[in-house]
file start-v7.txt (compact mmCIF, C-alpha atoms)
# COMPACT_ATOMS: atom_id res chain seq x y z
CA MET A 1 46.38 41.83 113.90
CA THR A 2 45.05 45.14 115.15
CA ARG A 3 47.29 48.07 116.04
CA GLU A 4 46.45 47.46 119.68
CA GLU A 5 47.66 43.87 119.40
CA TYR A 6 50.88 44.98 117.71
CA CYS A 7 51.48 47.29 120.68
CA SER A 8 50.60 44.71 123.31
CA ASN A 9 54.19 43.83 124.18
CA LEU A 10 55.46 47.26 125.17
CA PRO A 11 57.20 46.01 128.35
CA GLU A 12 59.36 43.76 126.15
CA VAL A 13 60.17 46.66 123.83
CA ILE A 14 60.96 49.13 126.62
CA SER A 15 63.37 46.66 128.22
CA LYS A 16 65.46 46.54 125.03
CA PHE A 17 66.30 50.24 124.74
CA ASN A 18 69.11 51.99 126.54
CA PHE A 19 66.80 54.16 128.63
CA GLN A 20 68.34 55.72 131.74
CA GLY A 21 66.93 55.52 135.26
CA LYS A 22 64.23 53.40 136.86
CA TYR A 23 61.16 52.60 134.77
CA VAL A 24 57.93 54.30 135.91
CA CYS A 25 55.24 54.06 133.22
CA TYR A 26 54.23 54.57 129.61
CA LYS A 27 51.16 56.02 127.92
CA SER A 28 49.90 56.83 124.45
CA TYR A 29 51.10 60.20 123.21
CA GLY A 30 50.28 62.73 120.50
CA SER A 31 47.76 62.79 117.67
CA GLY A 32 49.68 61.13 114.83
CA HIS A 33 47.74 58.60 112.79
CA ILE A 34 50.52 56.70 110.96
CA ASN A 35 52.90 55.37 113.61
CA ASP A 36 51.97 54.37 117.16
CA THR A 37 53.57 56.79 119.61
CA PHE A 38 54.08 56.50 123.36
CA ILE A 39 55.79 58.52 126.04
CA VAL A 40 57.90 56.44 128.43
CA VAL A 41 58.84 57.80 131.85
CA PHE A 42 61.89 56.84 133.89
CA LYS A 43 63.09 58.17 137.23
CA LYS A 44 66.61 59.46 137.92
CA ASP A 45 68.45 58.85 141.18
CA ASP A 46 67.52 62.39 142.26
CA ALA A 47 63.82 61.48 141.74
CA SER A 48 63.42 63.73 138.68
CA ASP A 49 61.78 62.30 135.57
CA ILE A 50 63.42 61.40 132.27
CA ARG A 51 60.97 61.10 129.39
CA TYR A 52 61.38 59.39 126.06
CA ILE A 53 59.34 59.01 122.88
CA LEU A 54 58.80 55.42 121.75
CA GLN A 55 57.28 54.67 118.33
CA ARG A 56 56.16 51.60 116.45
CA ILE A 57 56.80 52.10 112.74
CA ASN A 58 53.71 51.41 110.65
CA MET A 59 54.88 48.70 108.25
CA ASN A 60 51.70 48.94 106.21
CA VAL A 61 52.98 52.36 105.13
CA PHE A 62 56.74 51.90 105.42
CA LYS A 63 57.52 48.54 103.84
CA LYS A 64 61.26 48.86 104.48
CA PRO A 65 61.62 50.16 108.04
CA GLU A 66 65.36 49.50 108.11
CA ASP A 67 65.78 51.93 105.19
CA VAL A 68 63.67 54.47 107.07
CA MET A 69 65.90 54.18 110.11
CA ASP A 70 69.09 54.33 108.08
CA ASN A 71 67.89 57.63 106.60
CA ILE A 72 67.04 59.02 110.03
CA VAL A 73 70.41 58.01 111.48
CA ARG A 74 72.25 59.66 108.59
CA VAL A 75 70.24 62.90 108.65
CA THR A 76 70.11 63.40 112.41
CA SER A 77 73.83 62.59 112.79
CA PHE A 78 74.65 65.17 110.13
CA LEU A 79 72.40 67.74 111.80
CA ARG A 80 73.91 67.15 115.25
CA SER A 81 77.39 67.72 113.88
CA LYS A 82 76.32 70.87 112.02
CA ILE A 83 74.48 72.31 115.03
CA THR A 84 77.39 71.60 117.39
CA ASN A 85 79.92 73.14 115.01
CA ASN A 86 77.73 76.25 114.78
CA GLY A 87 77.62 76.56 118.57
CA GLY A 88 74.00 75.47 118.86
CA ASP A 89 72.18 73.06 121.15
CA SER A 90 72.06 69.69 119.38
CA GLU A 91 69.84 68.26 122.15
CA ARG A 92 67.04 70.62 121.08
CA GLY A 93 67.94 71.46 117.50
CA THR A 94 67.28 68.01 116.07
CA LEU A 95 65.80 64.65 116.99
CA ASN A 96 68.14 62.41 118.98
CA LEU A 97 67.73 58.67 118.73
CA VAL A 98 68.06 56.38 121.73
CA MET A 99 69.97 53.23 120.81
CA THR A 100 68.98 49.74 121.87
CA LYS A 101 71.05 47.89 124.43
CA ASP A 102 72.90 46.20 121.56
CA ASN A 103 73.58 49.62 119.99
CA LYS A 104 71.07 49.54 117.15
CA PRO A 105 68.76 52.41 116.15
CA PHE A 106 65.68 50.17 116.22
CA TYR A 107 64.34 47.03 117.87
CA VAL A 108 62.36 44.25 116.20
CA ASP A 109 60.01 42.71 118.73
CA SER A 110 58.67 39.15 118.98
CA LEU A 111 55.71 40.12 116.78
CA GLY A 112 57.96 41.42 114.02
CA SER A 113 57.24 45.10 114.67
CA TYR A 114 59.96 47.72 114.34
CA TRP A 115 60.37 50.22 117.18
CA ARG A 116 62.49 53.34 117.64
CA ALA A 117 63.02 55.76 120.51
CA TYR A 118 63.96 59.43 120.84
CA ASP A 119 64.96 61.68 123.69
CA PHE A 120 61.93 63.74 124.69
CA ILE A 121 62.48 67.45 124.06
CA GLU A 122 61.38 69.09 127.28
CA SER A 123 59.87 72.59 127.46
CA SER A 124 58.63 72.27 123.90
CA LEU A 125 55.29 72.21 122.16
CA CYS A 126 53.84 70.95 118.90
CA LEU A 127 50.80 72.85 117.62
CA GLN A 128 47.92 71.41 115.63
CA SER A 129 46.89 74.92 114.56
CA ALA A 130 48.66 78.26 114.73
CA GLU A 131 47.75 80.53 117.62
CA SER A 132 49.47 83.58 116.15
CA GLU A 133 51.20 84.84 113.02
CA SER A 134 54.47 84.26 114.84
CA ASP A 135 53.70 80.53 115.08
CA PHE A 136 53.47 80.36 111.30
CA TYR A 137 56.67 82.36 110.96
CA GLN A 138 58.59 80.13 113.38
CA SER A 139 57.34 77.07 111.52
CA ALA A 140 58.92 78.49 108.37
CA VAL A 141 62.11 79.24 110.31
CA ALA A 142 62.32 75.62 111.46
CA PHE A 143 61.94 74.19 107.95
CA GLY A 144 64.26 76.83 106.53
CA ASN A 145 66.96 75.95 109.06
CA PHE A 146 66.48 72.27 108.29
CA GLN A 147 67.02 72.85 104.56
CA LYS A 148 69.97 75.18 105.10
CA MET A 149 71.81 72.84 107.46
CA LEU A 150 71.35 69.92 105.04
CA ASN A 151 72.51 71.89 102.02
CA GLU A 152 75.75 69.88 101.78
CA PHE A 153 74.26 66.52 102.76
CA PRO A 154 74.80 63.81 100.08
CA ALA A 155 71.14 63.25 99.22
CA GLU A 156 71.99 60.36 96.89
CA THR A 157 72.92 58.27 99.96
CA LEU A 158 69.32 58.21 101.21
CA HIS A 159 66.75 55.51 100.49
CA GLU A 160 63.43 56.22 98.80
CA THR A 161 61.24 54.94 101.63
CA ILE A 162 57.96 55.00 99.69
CA PRO A 163 58.60 54.61 95.95
CA ASP A 164 57.16 57.48 93.87
CA PHE A 165 55.48 59.04 96.91
CA HIS A 166 56.74 62.46 95.79
CA ASN A 167 56.61 61.73 92.04
CA THR A 168 54.06 64.31 90.92
CA PRO A 169 53.76 63.17 87.26
CA ASP A 170 53.21 59.60 88.44
CA ARG A 171 50.53 60.75 90.90
CA PHE A 172 48.82 62.77 88.17
CA ASN A 173 48.71 59.78 85.81
CA LYS A 174 47.33 57.53 88.55
CA LEU A 175 44.65 60.10 89.36
CA ILE A 176 43.52 60.29 85.73
CA LYS A 177 43.36 56.49 85.52
CA ALA A 178 41.27 56.39 88.68
CA VAL A 179 38.96 59.12 87.32
CA ASN A 180 38.48 57.24 84.06
CA LYS A 181 37.60 54.02 85.87
CA ASP A 182 35.41 55.83 88.43
CA LYS A 183 34.74 52.57 90.23
CA LEU A 184 32.54 54.12 92.92
CA GLY A 185 30.78 56.60 90.64
CA ARG A 186 31.97 59.67 92.52
CA ALA A 187 33.86 61.56 89.80
CA ASP A 188 30.91 63.79 88.89
CA SER A 189 30.72 65.08 92.46
CA VAL A 190 34.24 66.55 92.16
CA LYS A 191 34.17 67.45 88.49
CA ILE A 192 35.34 71.04 89.06
CA GLU A 193 38.30 69.87 91.14
CA ILE A 194 39.29 67.28 88.52
CA GLU A 195 39.15 69.87 85.75
CA PHE A 196 41.30 72.21 87.85
CA ILE A 197 43.99 69.53 88.12
CA GLU A 198 43.78 68.49 84.48
CA GLN A 199 44.33 72.09 83.38
CA ARG A 200 47.61 72.12 85.28
CA LYS A 201 49.08 68.91 83.91
CA GLU A 202 52.18 70.67 82.57
CA PHE A 203 53.08 71.90 86.05
CA THR A 204 53.35 68.38 87.44
CA SER A 205 56.65 67.63 85.69
CA VAL A 206 58.41 70.99 86.15
CA LEU A 207 60.68 69.85 88.99
CA PHE A 208 61.46 66.48 87.41
CA ASP A 209 62.22 68.04 84.02
CA ASN A 210 64.57 70.58 85.59
CA TYR A 211 66.29 67.88 87.60
CA LYS A 212 66.80 65.68 84.51
CA ARG A 213 68.32 68.64 82.64
CA GLY A 214 70.70 69.29 85.54
CA ASP A 215 69.17 72.68 86.31
CA LEU A 216 67.82 71.55 89.70
CA PRO A 217 70.26 69.92 92.16
CA LEU A 218 69.32 66.91 94.26
CA ARG A 219 68.64 68.08 97.81
CA VAL A 220 67.29 66.66 101.04
CA THR A 221 63.81 68.08 101.69
CA HIS A 222 61.22 67.43 104.37
CA ASN A 223 58.19 67.25 102.03
CA ASP A 224 55.62 67.41 104.81
CA THR A 225 56.01 71.02 105.90
CA LYS A 226 53.01 71.39 108.17
CA LEU A 227 52.80 73.10 111.51
CA ASN A 228 52.52 69.96 113.61
CA ASN A 229 55.83 68.70 112.26
CA VAL A 230 57.64 71.51 114.06
CA MET A 231 58.76 71.69 117.67
CA LEU A 232 58.64 75.15 119.28
CA ASP A 233 60.17 76.26 122.56
CA SER A 234 57.23 76.45 124.98
CA LYS A 235 58.62 79.58 126.69
CA THR A 236 59.88 81.66 123.78
CA ARG A 237 57.72 80.10 121.01
CA SER A 238 60.84 80.09 118.83
CA ALA A 239 61.66 77.30 116.37
CA LEU A 240 63.55 74.28 117.72
CA CYS A 241 63.50 71.51 115.14
CA VAL A 242 61.38 69.56 112.69
CA ILE A 243 60.06 66.06 113.33
CA ASP A 244 58.54 63.23 111.27
CA LEU A 245 61.59 62.43 109.14
CA ASP A 246 60.25 59.18 107.69
CA THR A 247 59.78 60.27 104.09
call {"tool": "encode", "arguments": {"input": "start-v7.txt", "output": "structure tokens"}}
result
Amino acid sequence: MTREEYCSNLPEVISKFNFQGKYVCYKSYGSGHINDTFIVVFKKDDASDIRYILQRINMNVFKKPEDVMDNIVRVTSFLRSKITNNGGDSERGTLNLVMTKDNKPFYVDSLGSYWRAYDFIESSLCLQSAESESDFYQSAVAFGNFQKMLNEFPAETLHETIPDFHNTPDRFNKLIKAVNKDKLGRADSVKIEIEFIEQRKEFTSVLFDNYKRGDLPLRVTHNDTKLNNVMLDSKTRSALCVIDLDT
């Protein structure tokens, strides 16, 4: 099935989440290329809009979506508690899941697709490219806050959602095997780049070696620290939270 076909039953999916208000519409949202993302609009009694983010998890990438969602529930719950205890705004300082009507963090539709929903963070923006040095700085602030708040989180309780996705030695070995096979005859066109990587083989195991020796503690990290995984306040341009917590 195509991605469009997998998303063809959105009315069914929307009806299963505990969205508030009267349904108005939905439309495709954002520029992500892994999961399918939509914005869903509801209307309050006072005629103001309530917006939500609805996503279909790409099961070609995430083979165990229930593990993905368990991780997200654990991390976001921990962050909400930490932010609240520190006197912050947990509605804007982390992602907030919307439960299904049977109080689950995801819904499996009639096609077997897994869906999740978040409260939409109003008066926020997500940049594809920095418009100022401050944007870069605030991106670092967001990821720094994320790491700091999760300093005491029991990382061993999380699932590895994509096995060896962040295993640098394993990735290096797979690259060398692919280069040696050179099935499409393209290795010569990137010879300089391959040599650059081969010369740095020893670096690929530094983190793993330190972890095995006990010199590097196990910590929760984001591992995709790019600008468009940060939400900024649209008025102040200050850091709000990080998104894309799948891996």
call {"tool": "residues_around", "arguments": {"input": "start-v7.txt", "residues": "region 217-230 of chain A", "least_positions_apart": "3", "cutoff": "7 Å", "atoms": "all atoms listed in the file", "output": "number ranges by chain"}}
result
A: 126-129, 139, 142, 147, 150-151, 155, 211, 214, 241-245
call {"tool": "closest_residue", "arguments": {"input": "start-v7.txt", "among": "A:Ser28, A:Ser189, A:Asn167, A:Thr84", "to": "Leu207 (chain A)", "atoms": "all atoms listed in the file"}}
result
A:Asn167
call {"tool": "atom_distance", "arguments": {"input": "start-v7.txt", "atom1": "CA of Asn58 (chain A)", "atom2": "CA of Tyr114 (chain A)"}}
result
8.1 Å
call {"tool": "residues_around", "arguments": {"input": "start-v7.txt", "residues": "Tyr26 (chain A)", "least_positions_apart": "5", "cutoff": "7 Å", "atoms": "only C-alpha atoms", "output": "PyMOL selection string"}}
result
chain A and resi 38-41
call {"tool": "closest_residue", "arguments": {"input": "start-v7.txt", "among": "A:Tyr52, A:Phe208, A:Phe196, A:Tyr29", "to": "Tyr118 (chain A)", "atoms": "all atoms listed in the file"}}
result
A:Tyr52
call {"tool": "residues_around", "arguments": {"input": "start-v7.txt", "residues": "Leu95 (chain A)", "least_positions_apart": "5", "cutoff": "12 Å", "atoms": "only C-alpha atoms", "output": "PDB file with C-alpha atoms, in the frame of the given file"}}
result
ATOM      1  CA  TYR A  52      61.380  59.390 126.060  1.00  0.00           C
ATOM      2  CA  ILE A  53      59.340  59.010 122.880  1.00  0.00           C
ATOM      3  CA  ILE A  72      67.040  59.020 110.030  1.00  0.00           C
ATOM      4  CA  VAL A  73      70.410  58.010 111.480  1.00  0.00           C
ATOM      5  CA  ARG A  74      72.250  59.660 108.590  1.00  0.00           C
ATOM      6  CA  VAL A  75      70.240  62.900 108.650  1.00  0.00           C
ATOM      7  CA  THR A  76      70.110  63.400 112.410  1.00  0.00           C
ATOM      8  CA  SER A  77      73.830  62.590 112.790  1.00  0.00           C
ATOM      9  CA  PHE A  78      74.650  65.170 110.130  1.00  0.00           C
ATOM     10  CA  LEU A  79      72.400  67.740 111.800  1.00  0.00           C
ATOM     11  CA  ARG A  80      73.910  67.150 115.250  1.00  0.00           C
ATOM     12  CA  ILE A  83      74.480  72.310 115.030  1.00  0.00           C
ATOM     13  CA  ASP A  89      72.180  73.060 121.150  1.00  0.00           C
ATOM     14  CA  SER A  90      72.060  69.690 119.380  1.00  0.00           C
ATOM     15  CA  ARG A 116      62.490  53.340 117.640  1.00  0.00           C
ATOM     16  CA  ALA A 117      63.020  55.760 120.510  1.00  0.00           C
ATOM     17  CA  TYR A 118      63.960  59.430 120.840  1.00  0.00           C
ATOM     18  CA  ASP A 119      64.960  61.680 123.690  1.00  0.00           C
ATOM     19  CA  PHE A 120      61.930  63.740 124.690  1.00  0.00           C
ATOM     20  CA  ILE A 121      62.480  67.450 124.060  1.00  0.00           C
ATOM     21  CA  PHE A 146      66.480  72.270 108.290  1.00  0.00           C
ATOM     22  CA  ASN A 229      55.830  68.700 112.260  1.00  0.00           C
ATOM     23  CA  VAL A 230      57.640  71.510 114.060  1.00  0.00           C
ATOM     24  CA  MET A 231      58.760  71.690 117.670  1.00  0.00           C
ATOM     25  CA  LEU A 240      63.550  74.280 117.720  1.00  0.00           C
ATOM     26  CA  CYS A 241      63.500  71.510 115.140  1.00  0.00           C
ATOM     27  CA  VAL A 242      61.380  69.560 112.690  1.00  0.00           C
ATOM     28  CA  ILE A 243      60.060  66.060 113.330  1.00  0.00           C
ATOM     29  CA  ASP A 244      58.540  63.230 111.270  1.00  0.00           C
ATOM     30  CA  LEU A 245      61.590  62.430 109.140  1.00  0.00           C
TER      31      LEU A 245
END
call {"tool": "residues_around", "arguments": {"input": "start-v7.txt", "residues": "His159 (chain A)", "least_positions_apart": "2", "cutoff": "10 Å", "atoms": "only C-alpha atoms", "output": "mmCIF file with C-alpha atoms, keeping the file's coordinate frame"}}
result
data_model
loop_
_atom_site.group_PDB
_atom_site.id
_atom_site.type_symbol
_atom_site.label_atom_id
_atom_site.label_comp_id
_atom_site.auth_asym_id
_atom_site.auth_seq_id
_atom_site.Cartn_x
_atom_site.Cartn_y
_atom_site.Cartn_z
ATOM 1 C CA LYS A 64 61.260 48.860 104.480
ATOM 2 C CA GLU A 66 65.360 49.500 108.110
ATOM 3 C CA ASP A 67 65.780 51.930 105.190
ATOM 4 C CA VAL A 68 63.670 54.470 107.070
ATOM 5 C CA MET A 69 65.900 54.180 110.110
ATOM 6 C CA ASP A 70 69.090 54.330 108.080
ATOM 7 C CA ASN A 71 67.890 57.630 106.600
ATOM 8 C CA ALA A 155 71.140 63.250 99.220
ATOM 9 C CA GLU A 156 71.990 60.360 96.890
ATOM 10 C CA THR A 157 72.920 58.270 99.960
ATOM 11 C CA THR A 161 61.240 54.940 101.630
ATOM 12 C CA ILE A 162 57.960 55.000 99.690
ATOM 13 C CA PRO A 163 58.600 54.610 95.950
ATOM 14 C CA THR A 247 59.780 60.270 104.090
#
call {"tool": "atom_distance", "arguments": {"input": "start-v7.txt", "atom1": "CA of Gly21 (chain A)", "atom2": "CA of Arg3 (chain A)"}}
result
28.5 Å
call {"tool": "closest_residue", "arguments": {"input": "start-v7.txt", "among": "A:Arg51, A:Arg237, A:Lys16, A:Lys101", "to": "Asp135 (chain A)", "atoms": "only C-alpha atoms"}}
result
A:Arg237
call {"tool": "closest_residue", "arguments": {"input": "start-v7.txt", "among": "A:Ile57, A:Ala239, A:Cys7, A:Leu184", "to": "Phe136 (chain A)", "atoms": "all atoms listed in the file"}}
result
A:Ala239
